[in-house]
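*Asks:* File follows, work-v5.txt with compact mmCIF, C-alpha atoms:
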```
# COMPACT_ATOMS: atom_id res chain seq x y z
CA MET A 1 -126.20 -49.68 -45.76
CA SER A 2 -125.34 -48.33 -49.13
CA PHE A 3 -126.64 -45.36 -51.03
CA ARG A 4 -127.78 -45.84 -54.57
CA PRO A 5 -125.57 -43.98 -57.04
CA ASP A 6 -127.00 -40.69 -58.27
CA HIS A 7 -129.18 -40.90 -61.29
CA GLU A 8 -127.93 -38.89 -64.23
CA LEU A 9 -130.98 -36.66 -63.75
CA HIS A 10 -129.75 -35.57 -60.31
CA ARG A 11 -126.48 -34.43 -61.80
CA ARG A 12 -128.19 -32.48 -64.58
CA ARG A 13 -130.58 -30.73 -62.27
CA PHE A 14 -128.13 -30.08 -59.43
CA SER A 15 -127.65 -26.34 -60.08
CA ARG A 16 -131.38 -25.89 -60.53
CA ASN A 17 -132.19 -27.61 -57.26
CA VAL A 18 -129.51 -25.74 -55.32
CA GLY A 19 -130.75 -22.45 -56.79
CA LEU A 20 -134.34 -23.19 -55.84
CA GLY A 21 -133.27 -24.33 -52.36
CA VAL A 22 -131.31 -21.14 -51.72
CA THR A 23 -134.23 -19.05 -53.00
CA LEU A 24 -136.70 -20.78 -50.69
CA VAL A 25 -134.44 -20.47 -47.64
CA ALA A 26 -133.94 -16.77 -48.43
CA PHE A 27 -137.71 -16.33 -48.76
CA VAL A 28 -138.32 -17.98 -45.37
CA ALA A 29 -135.64 -15.77 -43.79
CA LEU A 30 -137.23 -12.67 -45.32
CA VAL A 31 -140.73 -13.53 -44.11
CA PHE A 32 -139.31 -14.23 -40.64
CA ALA A 33 -137.48 -10.89 -40.60
CA LEU A 34 -140.65 -9.09 -41.75
CA THR A 35 -142.66 -10.81 -39.02
CA VAL A 36 -140.16 -9.81 -36.33
CA VAL A 37 -140.20 -6.19 -37.53
CA LYS A 38 -143.99 -5.99 -37.73
CA VAL A 39 -144.54 -7.65 -34.34
CA THR A 40 -141.94 -5.60 -32.48
CA ARG A 41 -143.20 -2.40 -34.08
CA GLY A 42 -146.73 -3.26 -32.95
CA ASP A 43 -148.45 -2.87 -36.30
CA PRO A 44 -152.22 -3.26 -35.98
CA MET A 45 -152.77 -6.98 -36.26
CA GLN A 46 -155.74 -7.50 -33.98
CA GLY A 47 -159.35 -7.50 -35.10
CA PHE A 48 -159.38 -10.56 -37.34
CA ASP A 49 -160.76 -12.92 -34.68
CA HIS A 50 -164.33 -11.57 -34.39
CA THR A 51 -163.70 -10.33 -30.87
CA VAL A 52 -164.57 -6.78 -29.87
CA ARG A 53 -161.43 -4.92 -28.94
CA PRO A 54 -162.36 -1.49 -27.61
CA GLU A 55 -158.84 -0.13 -28.12
CA LEU A 56 -159.20 -0.62 -31.88
CA LEU A 57 -162.50 1.25 -32.17
CA PRO A 58 -163.07 5.00 -32.35
CA ALA A 59 -163.84 6.30 -28.85
CA GLN A 60 -167.60 6.89 -29.32
CA THR A 61 -168.23 3.48 -30.96
CA ALA A 62 -166.29 1.75 -28.19
CA VAL A 63 -168.48 3.34 -25.55
CA GLU A 64 -171.66 2.29 -27.37
CA GLN A 65 -170.55 -1.31 -27.94
CA THR A 66 -169.05 -2.04 -24.55
CA GLY A 67 -171.33 0.07 -22.37
CA GLY A 68 -168.31 1.71 -20.78
CA THR A 69 -167.82 5.36 -19.99
CA GLN A 70 -166.05 7.74 -22.29
CA PRO A 71 -162.75 8.96 -20.87
CA MET B 72 -133.32 -46.52 -70.28
CA SER B 73 -135.82 -44.09 -68.85
CA ASP B 74 -137.61 -41.30 -70.69
CA VAL B 75 -135.61 -38.53 -69.10
CA GLN B 76 -132.38 -39.80 -70.62
CA ALA B 77 -133.83 -39.21 -74.05
CA TYR B 78 -133.22 -35.46 -73.58
CA PRO B 79 -129.73 -34.27 -74.38
CA ASP B 80 -127.61 -32.76 -71.61
CA SER B 81 -127.28 -29.37 -73.27
CA GLY B 82 -131.03 -28.81 -73.46
CA GLU B 83 -131.63 -28.92 -69.71
CA ALA B 84 -132.74 -25.59 -68.29
CA GLN B 85 -130.45 -24.42 -65.52
CA PHE B 86 -131.36 -22.05 -62.71
CA GLY B 87 -129.77 -19.18 -64.62
CA ASP B 88 -132.12 -19.73 -67.54
CA TYR B 89 -135.11 -19.12 -65.31
CA VAL B 90 -133.40 -16.02 -63.91
CA ALA B 91 -132.83 -14.83 -67.50
CA LEU B 92 -136.61 -15.06 -68.05
CA LEU B 93 -136.98 -12.27 -65.49
CA LYS B 94 -134.89 -9.84 -67.60
CA PRO B 95 -132.31 -9.01 -64.89
CA ARG B 96 -130.97 -5.95 -66.74
CA VAL B 97 -134.39 -4.32 -66.87
CA MET B 98 -134.80 -5.30 -63.22
CA SER B 99 -131.71 -3.30 -62.22
CA LEU B 100 -133.35 -0.10 -63.53
CA VAL B 101 -136.56 -1.02 -61.71
CA VAL B 102 -134.68 -1.56 -58.44
CA PHE B 103 -132.84 1.75 -58.74
CA THR B 104 -135.86 3.92 -59.60
CA ALA B 105 -138.14 2.19 -57.07
CA LEU B 106 -135.48 2.64 -54.39
CA VAL B 107 -135.21 6.35 -55.18
CA GLY B 108 -139.02 6.66 -55.07
CA LEU B 109 -139.00 5.00 -51.66
CA LEU B 110 -136.10 7.00 -50.21
CA VAL B 111 -137.19 10.47 -51.34
CA ALA B 112 -140.68 10.02 -49.86
CA PRO B 113 -141.39 12.18 -46.81
CA VAL B 114 -142.22 9.13 -44.67
CA GLY B 115 -139.54 6.79 -43.35
CA VAL B 116 -139.74 3.03 -43.83
CA HIS B 117 -138.13 0.32 -41.70
CA PRO B 118 -135.07 -1.00 -43.60
CA VAL B 119 -136.35 -4.60 -43.60
CA VAL B 120 -139.75 -3.52 -44.93
CA GLY B 121 -138.05 -1.29 -47.51
CA PHE B 122 -135.74 -4.11 -48.62
CA ALA B 123 -138.63 -6.57 -48.91
CA ALA B 124 -140.75 -4.05 -50.82
CA ILE B 125 -138.00 -3.33 -53.37
CA LEU B 126 -137.39 -7.06 -53.76
CA PHE B 127 -141.05 -7.77 -54.48
CA ILE B 128 -141.34 -4.80 -56.87
CA ALA B 129 -138.33 -6.23 -58.75
CA LEU B 130 -139.87 -9.71 -58.65
CA GLY B 131 -143.13 -8.34 -60.07
CA ALA B 132 -141.21 -6.60 -62.86
CA GLY B 133 -139.35 -9.86 -63.53
CA ALA B 134 -142.62 -11.77 -63.63
CA SER B 135 -144.00 -9.41 -66.27
CA GLY B 136 -140.74 -9.97 -68.21
CA ALA B 137 -141.35 -13.74 -68.12
CA LEU B 138 -144.93 -13.24 -69.33
CA ASN B 139 -143.59 -11.04 -72.13
CA MET B 140 -141.09 -13.75 -73.15
CA TRP B 141 -143.90 -16.32 -73.20
CA TRP B 142 -146.09 -14.17 -75.45
CA ASP B 143 -143.33 -12.83 -77.69
CA ALA B 144 -141.46 -16.12 -78.21
CA ASP B 145 -142.32 -16.03 -81.93
CA ILE B 146 -140.93 -12.50 -82.38
CA ASP B 147 -137.87 -13.24 -80.23
CA ALA B 148 -136.99 -16.23 -82.43
CA VAL B 149 -136.88 -13.98 -85.52
CA MET B 150 -134.80 -11.07 -84.22
CA LYS B 151 -131.06 -11.46 -83.75
CA ARG B 152 -130.88 -9.53 -80.44
CA THR B 153 -133.48 -11.77 -78.77
CA GLN B 154 -132.72 -15.15 -80.35
CA SER B 155 -130.63 -16.29 -77.39
CA ARG B 156 -133.44 -15.71 -74.86
CA PRO B 157 -134.33 -18.93 -72.97
CA VAL B 158 -137.60 -19.68 -74.81
CA PRO B 159 -136.48 -19.16 -78.46
CA ALA B 160 -133.15 -20.87 -77.59
CA GLY B 161 -135.16 -23.95 -76.58
CA LYS B 162 -133.87 -24.03 -73.00
CA VAL B 163 -137.19 -23.25 -71.35
CA GLN B 164 -140.64 -24.20 -72.63
CA ALA B 165 -143.01 -21.31 -73.38
CA GLY B 166 -145.51 -22.83 -70.95
CA GLU B 167 -142.89 -22.79 -68.20
CA ALA B 168 -142.32 -19.09 -68.80
CA LEU B 169 -146.08 -18.52 -68.52
CA GLY B 170 -146.30 -20.56 -65.31
CA LEU B 171 -143.31 -18.84 -63.75
CA GLY B 172 -144.62 -15.41 -64.77
CA LEU B 173 -148.07 -16.00 -63.31
CA ALA B 174 -146.80 -17.59 -60.09
CA LEU B 175 -144.22 -14.87 -59.44
CA SER B 176 -146.77 -12.14 -60.24
CA GLY B 177 -149.07 -13.54 -57.57
CA ILE B 178 -146.29 -13.95 -55.01
CA ALA B 179 -144.91 -10.45 -55.67
CA VAL B 180 -148.28 -8.68 -55.39
CA VAL B 181 -149.46 -10.58 -52.29
CA MET B 182 -146.11 -10.18 -50.53
CA LEU B 183 -145.95 -6.46 -51.36
CA ALA B 184 -149.45 -6.05 -49.92
CA LEU B 185 -148.40 -7.85 -46.73
CA SER B 186 -145.03 -6.17 -46.30
CA ALA B 187 -146.05 -2.64 -47.40
CA ASN B 188 -149.64 -1.70 -48.24
CA LEU B 189 -152.51 -2.31 -50.64
CA VAL B 190 -151.95 0.83 -52.73
CA ALA B 191 -148.39 -0.23 -53.60
CA ALA B 192 -149.55 -3.80 -54.29
CA GLY B 193 -152.40 -2.53 -56.48
CA LEU B 194 -150.00 -0.36 -58.48
CA LEU B 195 -147.65 -3.33 -58.93
CA ALA B 196 -150.52 -5.55 -60.10
CA PHE B 197 -151.60 -2.87 -62.57
CA THR B 198 -148.01 -2.49 -63.84
CA ILE B 199 -147.73 -6.24 -64.50
CA PHE B 200 -151.12 -6.25 -66.23
CA PHE B 201 -150.21 -3.17 -68.25
CA TYR B 202 -146.88 -4.56 -69.45
CA ALA B 203 -148.01 -8.13 -70.11
CA VAL B 204 -151.51 -7.54 -71.48
CA VAL B 205 -151.89 -3.93 -72.66
CA TYR B 206 -148.36 -3.59 -74.07
CA SER B 207 -147.14 -7.10 -75.01
CA MET B 208 -150.37 -8.75 -76.08
CA TRP B 209 -152.40 -5.84 -77.35
CA LEU B 210 -150.55 -2.78 -78.58
CA LYS B 211 -146.97 -3.85 -79.33
CA ARG B 212 -147.92 -5.42 -82.65
CA LEU B 213 -150.63 -2.88 -83.42
CA THR B 214 -149.17 0.62 -83.26
CA PRO B 215 -145.82 2.31 -83.91
CA GLN B 216 -146.38 4.20 -80.64
CA ASN B 217 -145.72 0.85 -78.85
CA ILE B 218 -142.53 2.23 -77.31
CA VAL B 219 -144.44 5.12 -75.74
CA ILE B 220 -147.00 2.73 -74.22
CA GLY B 221 -144.35 0.27 -73.08
CA GLY B 222 -142.55 3.18 -71.43
CA ALA B 223 -145.50 3.68 -69.10
CA ALA B 224 -144.93 0.22 -67.61
CA GLY B 225 -141.28 1.07 -66.98
CA ALA B 226 -142.30 4.37 -65.39
CA PHE B 227 -144.34 2.88 -62.55
CA PRO B 228 -141.55 1.60 -60.20
CA PRO B 229 -140.68 4.96 -58.55
CA MET B 230 -144.41 5.56 -58.07
CA ILE B 231 -144.73 2.15 -56.38
CA GLY B 232 -141.66 2.90 -54.22
CA TRP B 233 -143.26 6.18 -53.15
CA ALA B 234 -146.55 4.36 -52.40
CA VAL B 235 -144.68 1.84 -50.22
CA ALA B 236 -143.59 4.70 -47.96
CA THR B 237 -146.60 7.02 -48.10
CA GLY B 238 -149.47 4.65 -48.93
CA GLY B 239 -150.61 6.92 -51.74
CA VAL B 240 -149.89 8.77 -54.97
CA SER B 241 -148.84 12.41 -55.17
CA LEU B 242 -147.67 15.06 -57.62
CA GLU B 243 -144.06 14.13 -56.89
CA SER B 244 -144.54 10.46 -57.68
CA ALA B 245 -146.56 11.34 -60.78
CA LEU B 246 -143.68 13.54 -61.98
CA MET B 247 -141.17 10.73 -61.43
CA PHE B 248 -143.50 8.58 -63.52
CA GLY B 249 -143.67 11.31 -66.17
CA LEU B 250 -139.91 11.62 -66.24
CA ILE B 251 -139.36 7.96 -67.23
CA PHE B 252 -142.44 7.98 -69.47
CA MET B 253 -141.20 10.92 -71.56
CA TRP B 254 -137.60 9.68 -71.50
CA THR B 255 -138.32 6.22 -72.94
CA PRO B 256 -139.25 7.17 -76.55
CA PRO B 257 -136.15 9.26 -77.36
CA HIS B 258 -133.98 6.68 -75.56
CA PHE B 259 -135.35 3.72 -77.47
CA TRP B 260 -135.78 5.38 -80.85
CA ALA B 261 -132.17 6.56 -80.79
CA LEU B 262 -131.28 2.88 -80.39
CA ALA B 263 -133.72 1.87 -83.15
CA LEU B 264 -132.00 4.29 -85.55
CA PHE B 265 -128.66 2.49 -85.39
CA MET B 266 -129.65 -1.07 -84.42
CA LYS B 267 -131.73 -1.56 -87.58
CA GLU B 268 -133.42 -4.69 -86.26
CA ASP B 269 -135.64 -6.70 -88.50
CA TYR B 270 -138.86 -5.53 -86.88
CA HIS B 271 -140.64 -5.74 -90.19
CA LYS B 272 -139.86 -9.46 -90.50
CA ALA B 273 -140.99 -9.94 -86.90
CA GLY B 274 -144.26 -8.11 -87.59
CA VAL B 275 -143.65 -5.36 -85.03
CA PRO B 276 -144.62 -1.89 -86.33
CA MET B 277 -141.54 0.09 -85.31
CA LEU B 278 -141.63 3.82 -86.00
CA THR B 279 -138.45 3.65 -88.09
CA VAL B 280 -140.18 1.18 -90.42
CA THR B 281 -143.76 2.51 -90.50
CA HIS B 282 -143.08 6.25 -90.64
CA GLY B 283 -139.48 6.33 -91.80
CA ARG B 284 -136.25 7.38 -90.18
CA LYS B 285 -136.76 11.09 -90.79
CA GLU B 286 -140.02 11.05 -88.84
CA THR B 287 -138.33 9.03 -86.06
CA ARG B 288 -135.70 11.77 -85.77
CA ARG B 289 -138.48 14.36 -85.49
CA GLN B 290 -140.30 12.33 -82.82
CA ILE B 291 -137.07 12.02 -80.79
CA LEU B 292 -136.79 15.81 -80.75
CA ILE B 293 -140.49 16.27 -79.85
CA TYR B 294 -140.34 13.89 -76.87
CA THR B 295 -137.05 15.36 -75.66
CA VAL B 296 -138.60 18.84 -75.75
CA LEU B 297 -141.61 17.55 -73.80
CA LEU B 298 -139.34 15.77 -71.31
CA ALA B 299 -137.56 18.98 -70.26
CA PRO B 300 -140.53 20.72 -68.50
CA VAL B 301 -141.42 17.49 -66.64
CA SER B 302 -137.84 17.25 -65.45
CA ILE B 303 -137.64 20.91 -64.38
CA TRP B 304 -141.06 20.73 -62.70
CA SER B 305 -139.99 17.68 -60.68
CA ALA B 306 -136.90 19.61 -59.53
CA LEU B 307 -139.18 22.40 -58.23
CA THR B 308 -141.31 20.10 -56.04
CA SER B 309 -140.61 18.80 -52.53
CA ILE B 310 -138.34 16.03 -53.85
CA GLY B 311 -136.20 18.59 -55.68
CA GLY B 312 -133.96 21.43 -54.64
CA PRO B 313 -131.05 23.49 -55.93
CA VAL B 314 -128.90 20.41 -56.61
CA THR B 315 -131.66 18.66 -58.54
CA LEU B 316 -132.55 21.81 -60.48
CA ALA B 317 -128.95 22.44 -61.51
CA THR B 318 -128.56 18.78 -62.52
CA ALA B 319 -131.85 18.83 -64.44
CA LEU B 320 -130.89 22.03 -66.31
CA VAL B 321 -127.53 20.63 -67.41
CA LEU B 322 -128.89 17.18 -68.32
CA ASN B 323 -131.79 18.58 -70.35
CA ALA B 324 -129.55 21.05 -72.18
CA ILE B 325 -127.23 18.23 -73.27
CA PHE B 326 -130.12 15.90 -74.17
CA LEU B 327 -131.88 18.64 -76.16
CA LYS B 328 -128.68 19.45 -78.04
CA GLY B 329 -128.27 15.74 -78.88
CA ALA B 330 -131.90 15.39 -80.01
CA TYR B 331 -131.52 18.54 -82.15
CA ASP B 332 -128.37 17.09 -83.74
CA ILE B 333 -130.21 13.85 -84.51
CA TRP B 334 -133.15 15.73 -86.03
CA LYS B 335 -130.96 18.03 -88.09
CA ARG B 336 -128.75 15.51 -89.83
CA PRO B 337 -129.74 13.61 -92.96
CA GLU B 338 -129.68 9.80 -93.05
CA ALA B 339 -126.77 9.71 -95.50
CA GLN B 340 -124.58 11.66 -93.10
CA ALA B 341 -125.53 9.31 -90.26
CA GLU B 342 -124.63 6.29 -92.35
CA GLY B 343 -121.36 7.98 -93.27
CA ASP B 344 -120.15 8.22 -89.68
CA LYS B 345 -121.84 4.95 -88.61
CA TYR B 346 -124.48 6.68 -86.50
CA ALA B 347 -121.95 8.31 -84.19
CA VAL B 348 -124.39 11.00 -82.97
CA GLU B 349 -127.26 8.53 -82.43
CA LYS B 350 -124.98 6.22 -80.44
CA ARG B 351 -123.70 9.12 -78.36
CA VAL B 352 -127.22 10.34 -77.56
CA PHE B 353 -128.37 6.81 -76.70
CA LYS B 354 -125.47 6.38 -74.25
CA PHE B 355 -126.13 9.81 -72.78
CA SER B 356 -129.83 9.02 -72.32
CA LEU B 357 -128.86 6.18 -69.97
CA ALA B 358 -126.70 8.57 -67.97
CA TYR B 359 -129.52 11.15 -68.04
CA LEU B 360 -131.97 8.93 -66.20
CA PHE B 361 -129.41 7.59 -63.75
CA LEU B 362 -128.06 11.04 -62.85
CA HIS B 363 -131.52 12.60 -62.62
CA PHE B 364 -132.69 10.03 -60.09
CA ALA B 365 -129.33 10.15 -58.33
CA ALA B 366 -129.90 13.91 -57.93
CA PHE B 367 -133.24 13.25 -56.17
CA LEU B 368 -131.39 10.88 -53.86
CA VAL B 369 -128.60 13.36 -53.12
CA GLU B 370 -131.20 16.02 -52.37
CA ALA B 371 -132.97 13.69 -49.90
CA LEU B 372 -129.61 12.89 -48.29
CA LEU B 373 -128.72 16.59 -47.95
CA LYS B 374 -132.04 17.21 -46.23
CA VAL B 375 -130.97 14.85 -43.43
CA TYR B 376 -128.14 17.31 -42.70
CA GLY B 377 -130.41 20.34 -42.96
CA LEU B 378 -129.19 21.15 -46.47
CA GLY B 379 -130.88 20.66 -49.83
CA GLY B 380 -134.54 21.04 -50.69
CA TRP B 381 -136.40 24.32 -51.14
CA ALA B 382 -137.32 25.02 -47.54
```
Could I get this file's structure written as structure tokens?

*Replies:*
Amino acid sequence: MSFRPDHELHRRRFSRNVGLGVTLVAFVALVFALTVVKVTRGDPMQGFDHTVRPELLPAQTAVEQTGGTQP
Amino acid sequence: MSDVQAYPDSGEAQFGDYVALLKPRVMSLVVFTALVGLLVAPVGVHPVVGFAAILFIALGAGASGALNMWWDADIDAVMKRTQSRPVPAGKVQAGEALGLGLALSGIAVVMLALSANLVAAGLLAFTIFFYAVVYSMWLKRLTPQNIVIGGAAGAFPPMIGWAVATGGVSLESALMFGLIFMWTPPHFWALALFMKEDYHKAGVPMLTVTHGRKETRRQILIYTVLLAPVSIWSALTSIGGPVTLATALVLNAIFLKGAYDIWKRPEAQAEGDKYAVEKRVFKFSLAYLFLHFAAFLVEALLKVYGLGGWA
């Protein structure tokens, strides 16, 4: 099996491609780090799935919607 | 032979050319002032969130720089200082600068909203719009007060940094905005006095050309006088303290003396000593802003150890 020799275009755009690659990897790492921080810190991230979550509602509304008793 | 080989080697845009579109030197000021705005806020931010927020504020500022280079390519090609920018130099197509500017604007605003909050993201979006549309497209070529308006765009970063931490706007963040806003005209006009760029040829109404150099000297003094109370006021708020007040008093005294010297001297004298005073004041103005914001930072640091601040 033999690799085709690099096209001249690959050589010309090498620095550009490496730069973009590094940028994208750094972006992925940053989003991952942000996700870890936000999940471990327990930022409010429930409530986007159309399910009633009493703990996210003000006490009175929660009682009305779930039929529970107010603590 | 394929089409791509028809382009000469030297004309290929490298990664650095795209970075240059983002005006990295302007970005460094944005990073510094936004970081100070974030760190002096009364609410703490997780380091990763803070880092991401500053990065996306800088990216948003860079994106507006790329949009500016797309719109101003015709002016940049005429003026010596800007001729080597990627678009007029022929390294990057104007359309590429537009595409990069728009894409990075979107990424920066959305990511700032996700990593920090909507207020900070909204302020960043407004800053990009203000710099690219209100300043670059609309007023830069229309009024000699263009520097004053452009200064507003540069004044937003500490306000955005503050919003990242607090989720809002306050007197303190407005005063940090005011500080950069009032500082920009004397800083830039001092440069305009000795750079003597061909703004006229480029069709940009610069104050030195439209109202003359004597009037420019007067305007430098006016804005420096107006800057002083903003600076002192900021030192008297919760982000200030004895260290900031002392720094502000010294910095404003030196800046005012410099502005007075510029106003007082006739053009012939300035030409005689090759604009020595103007150059000195311009250099000092850079130090002024850096030291003023550094003083806010020192004050915040001292508070950690129970020192600093007014309490």

*Asks:* What's around range 26-40 of chain A at 7 Å? Count only C-alpha atoms, leave out sequence neighbours fewer than 2 positions away in its own chain, and write the answer as a PyMOL selection string.

*Replies:* (chain A and resi 22-24+42-43) or (chain B and resi 119-120+186)

*Asks:* Within 7 Å of chain B, which residues of chain A show up when using all atoms listed in the file, listed as a PDB file with C-alpha atoms, keeping the file's coordinate frame?

*Replies:*
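File produced: part06.pdb:
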```
ATOM      1  CA  SER A  15    -127.650 -26.340 -60.080  1.00  0.00           C
ATOM      2  CA  ARG A  16    -131.380 -25.890 -60.530  1.00  0.00           C
ATOM      3  CA  GLY A  19    -130.750 -22.450 -56.790  1.00  0.00           C
ATOM      4  CA  LEU A  34    -140.650  -9.090 -41.750  1.00  0.00           C
TER       5      LEU A  34
END
```

*Asks:* Give me the residues within 8 Å of range 218-220 of chain B as a list in words, counting all atoms listed in the file and dropping any in the same chain fewer than 2 places off.

*Replies:*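 Near neighbours after the sequence-gap exclusion: Tyr206, Leu210, Lys211, Pro215, Gln216, Gly222, Ala223, Ala224, Phe252, Met253, Thr255, Pro256 and Phe259 of chain B.
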
*Asks:* So how many Å separate CA of Ala371 in chain B and CA of Gly108 in chain B, to one decimal?

*Replies:*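 CA of Gly108 in chain B lies at a distance of 10.6 Å from CA of Ala371 in chain B.
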
*Asks:* Which residues are near range 350-361 of chain B? Cut-off 6 Å, all atoms listed in the file, ignore same chain within fewer than 6 positions. Put them as a list in words.

*Replies:*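 My reading of the contact set: His258, Ala261 and Gly329 of chain B.
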
*Asks:* Will you model N, CA and C atoms for range 334-347 of chain B and pass it back as a JSON list (two decimals), in the coordinates of the input?

*Replies:*
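Okay, this is what ended up in part_15.json:
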```
[["chain", "number", "residue", "atom", "x", "y", "z"],
["B", 334, "TRP", "N", -132.07, 15.26, -85.15],
["B", 334, "TRP", "CA", -133.15, 15.73, -86.03],
["B", 334, "TRP", "C", -132.59, 16.43, -87.27],
["B", 335, "LYS", "N", -131.51, 17.17, -87.04],
["B", 335, "LYS", "CA", -130.96, 18.03, -88.09],
["B", 335, "LYS", "C", -130.27, 17.23, -89.20],
["B", 336, "ARG", "N", -129.61, 16.15, -88.83],
["B", 336, "ARG", "CA", -128.75, 15.51, -89.83],
["B", 336, "ARG", "C", -129.50, 14.54, -90.74],
["B", 337, "PRO", "N", -129.12, 14.53, -92.01],
["B", 337, "PRO", "CA", -129.74, 13.61, -92.96],
["B", 337, "PRO", "C", -129.24, 12.18, -92.76],
["B", 338, "GLU", "N", -130.00, 11.22, -93.24],
["B", 338, "GLU", "CA", -129.68, 9.80, -93.05],
["B", 338, "GLU", "C", -128.32, 9.44, -93.66],
["B", 339, "ALA", "N", -128.03, 10.05, -94.82],
["B", 339, "ALA", "CA", -126.77, 9.71, -95.50],
["B", 339, "ALA", "C", -125.57, 10.06, -94.64],
["B", 340, "GLN", "N", -125.68, 11.22, -93.97],
["B", 340, "GLN", "CA", -124.58, 11.66, -93.10],
["B", 340, "GLN", "C", -124.42, 10.70, -91.92],
["B", 341, "ALA", "N", -125.56, 10.25, -91.39],
["B", 341, "ALA", "CA", -125.53, 9.31, -90.26],
["B", 341, "ALA", "C", -124.88, 7.99, -90.67],
["B", 342, "GLU", "N", -125.23, 7.53, -91.87],
["B", 342, "GLU", "CA", -124.63, 6.29, -92.35],
["B", 342, "GLU", "C", -123.14, 6.46, -92.57],
["B", 343, "GLY", "N", -122.78, 7.67, -93.00],
["B", 343, "GLY", "CA", -121.36, 7.98, -93.27],
["B", 343, "GLY", "C", -120.50, 7.83, -92.03],
["B", 344, "ASP", "N", -120.98, 8.33, -90.90],
["B", 344, "ASP", "CA", -120.15, 8.22, -89.68],
["B", 344, "ASP", "C", -120.66, 7.11, -88.74],
["B", 345, "LYS", "N", -121.35, 6.13, -89.34],
["B", 345, "LYS", "CA", -121.84, 4.95, -88.61],
["B", 345, "LYS", "C", -122.66, 5.32, -87.37],
["B", 346, "TYR", "N", -123.52, 6.28, -87.55],
["B", 346, "TYR", "CA", -124.48, 6.68, -86.50],
["B", 346, "TYR", "C", -123.80, 7.13, -85.20],
["B", 347, "ALA", "N", -122.72, 7.87, -85.36],
["B", 347, "ALA", "CA", -121.95, 8.31, -84.19],
["B", 347, "ALA", "C", -122.81, 9.16, -83.24]]
```
